[in-house]
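**Student:** Have a look at the structure that comes next, please.
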Amino acid sequence: MKLQVAFDCGCNTRTICDCVDRISGYMDFIEVGTPLIIEKGLSTVRELRPRYPHLKILADLKIMDGGFYEANAAFEAGADIVTALAAAEDATLKGAVEAAAKHGGEIMVDTIAHPDLPRRIGELDAMGADYICLHTAKDTQGSGRDFAAFMREMRGFVRHAKLALAGGINPENIESYTSMAPDVIIIGEGITGASDPAKAAGIVREKMGAH
Ligand SMILES: O=C([C@H](O)CO)[C@H](O)[C@H](O)COP(=O)(O)O
């Protein structure tokens, strides 16, 4: 089980490096988050690439159109994994998968807000998504809904792709997610927003165990 740490709002290359330098022993993937890419483009990916050759870099583009072009740009900047949205057209997702094949990279398809996941997950698997991410949107995290239960139901539809889980996961609730045996656990604020990110990452890694 891999740990992806997401760097989103208010981050920049310096603050990411300050945090990664303290927690790199606990983590596997650096996520350059969507808000950061909207603010700074792909420059953060370019700056982080040479500094962390041992960590995978995921560019959270959440591609909705222009699949080949946008994914290709992120791989050229140095990303190992690029995200696209399950709600995109098949042609878009196939283009992103094609760009990944060109660069030896991978595509993570984010199912956020998709209305018919049981059907779409099967199609994503068939299109060659490397990862399928079940994702609770930041804007719904406080709604009181049991998102872990929904993910547990949906994870059964993922047959071939690696499974990633994201959205509101933290050191306190992580067992509800590790119990689904995902390939990747994605955590943003639960680590980056903690008063002691190294302590939070250590607890998370311990609870992820030897998986
Ligand atoms: O992808 C994300 C979100 O859509 C904002 O761009 C986050 O990186 C992901 O949800 C993980 O962040 P937390 O919910 O803070 O753990």
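Every chain in the structure tokens takes a letter, A first, then B, and so on in the order presented; its residues are numbered from 1, and the ligands are numbered from 1 following the presented order.
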So which residues are near ligand 1, meaning at most 10 Å away with only C-alpha atoms and all ligand atoms counted, given back as a PyMOL selection string?

**Tutor:** chain A and resi 4-9+31-38+60-62+83+110+112+133-141+165-170+185-193

**Student:** Just list the residues in range 76-204 of chain A DSSP gives helix (DSSP H, G or I) on the backbone, as number ranges by chain.

**Tutor:** A: 76-77, 90-103, 117-127, 138-140, 147-155, 175-178, 189-192, 197-204

**Student:** Identify which of the residues A:Val20, A:Ala126, A:Ala84, A:Phe68 lies closest to His103 in chain A, counting only C-alpha atoms when measuring atom-to-atom distances.

**Tutor:**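 Of the candidates, the smallest distance to His103 in chain A is held by A:Phe68.
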
**Student:** Can you pull out every residue from range 64-94 of chain A that DSSP, working from the backbone, puts in strand (DSSP E), and format the result as JSON, numbers by chain?

**Tutor:** {"A": [81, 82, 83, 84, 85]}

**Student:** Using only C-alpha atoms for the distances, tell me which of A:Ile174, A:Ala129, A:Val109, A:Val184 is nearest to His160 in chain A.

**Tutor:**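 Of A:Ile174, A:Ala129, A:Val109, A:Val184, the one nearest His160 in chain A, counting only C-alpha atoms, is A:Ala129.
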
**Student:** When you look at Ile57 in chain A with a cut-off of 8 Å (counting only C-alpha atoms), what residues show up, excluding the ones that are within fewer than 4 positions of it in the same chain? I need them as a PyMOL selection string.

**Tutor:** chain A and resi 29-32+45+49+78-81

**Student:** Nearest to Phe157 in chain A among A:Leu117, A:Ala88, A:Ala77, A:Leu42, with distances taken over only C-alpha atoms: which residue is it?

**Tutor:** A:Leu117

**Student:** So how many Å separate CA of Met208 in chain A and CA of Lys162 in chain A, to one decimal?

**Tutor:** 16.5 Å

**Student:** Of the candidates A:Asp116, A:Ala194, A:Met108, A:Cys19, which shows the shortest atom-to-atom distance to Ala59 in chain A, using only C-alpha atoms?

**Tutor:**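 Among A:Asp116, A:Ala194, A:Met108, A:Cys19, it is A:Met108 that comes nearest to Ala59 in chain A.
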
**Student:** Which one is closest to Gly105 in chain A: A:Val82, A:Met180, A:Leu3, A:Cys11? Count only C-alpha atoms.

**Tutor:** A:Val82

**Student:** Identify which of the residues A:Met127, A:Ile23, A:Leu85, A:Ala74 lies closest to Val97 in chain A, counting only C-alpha atoms when measuring atom-to-atom distances.

**Tutor:** A:Met127

**Student:** What is the CA of Asn173 in chain A to CA of Gly156 in chain A distance in Å?

**Tutor:**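 Separating CA of Asn173 in chain A from CA of Gly156 in chain A is a distance of 20.9 Å.
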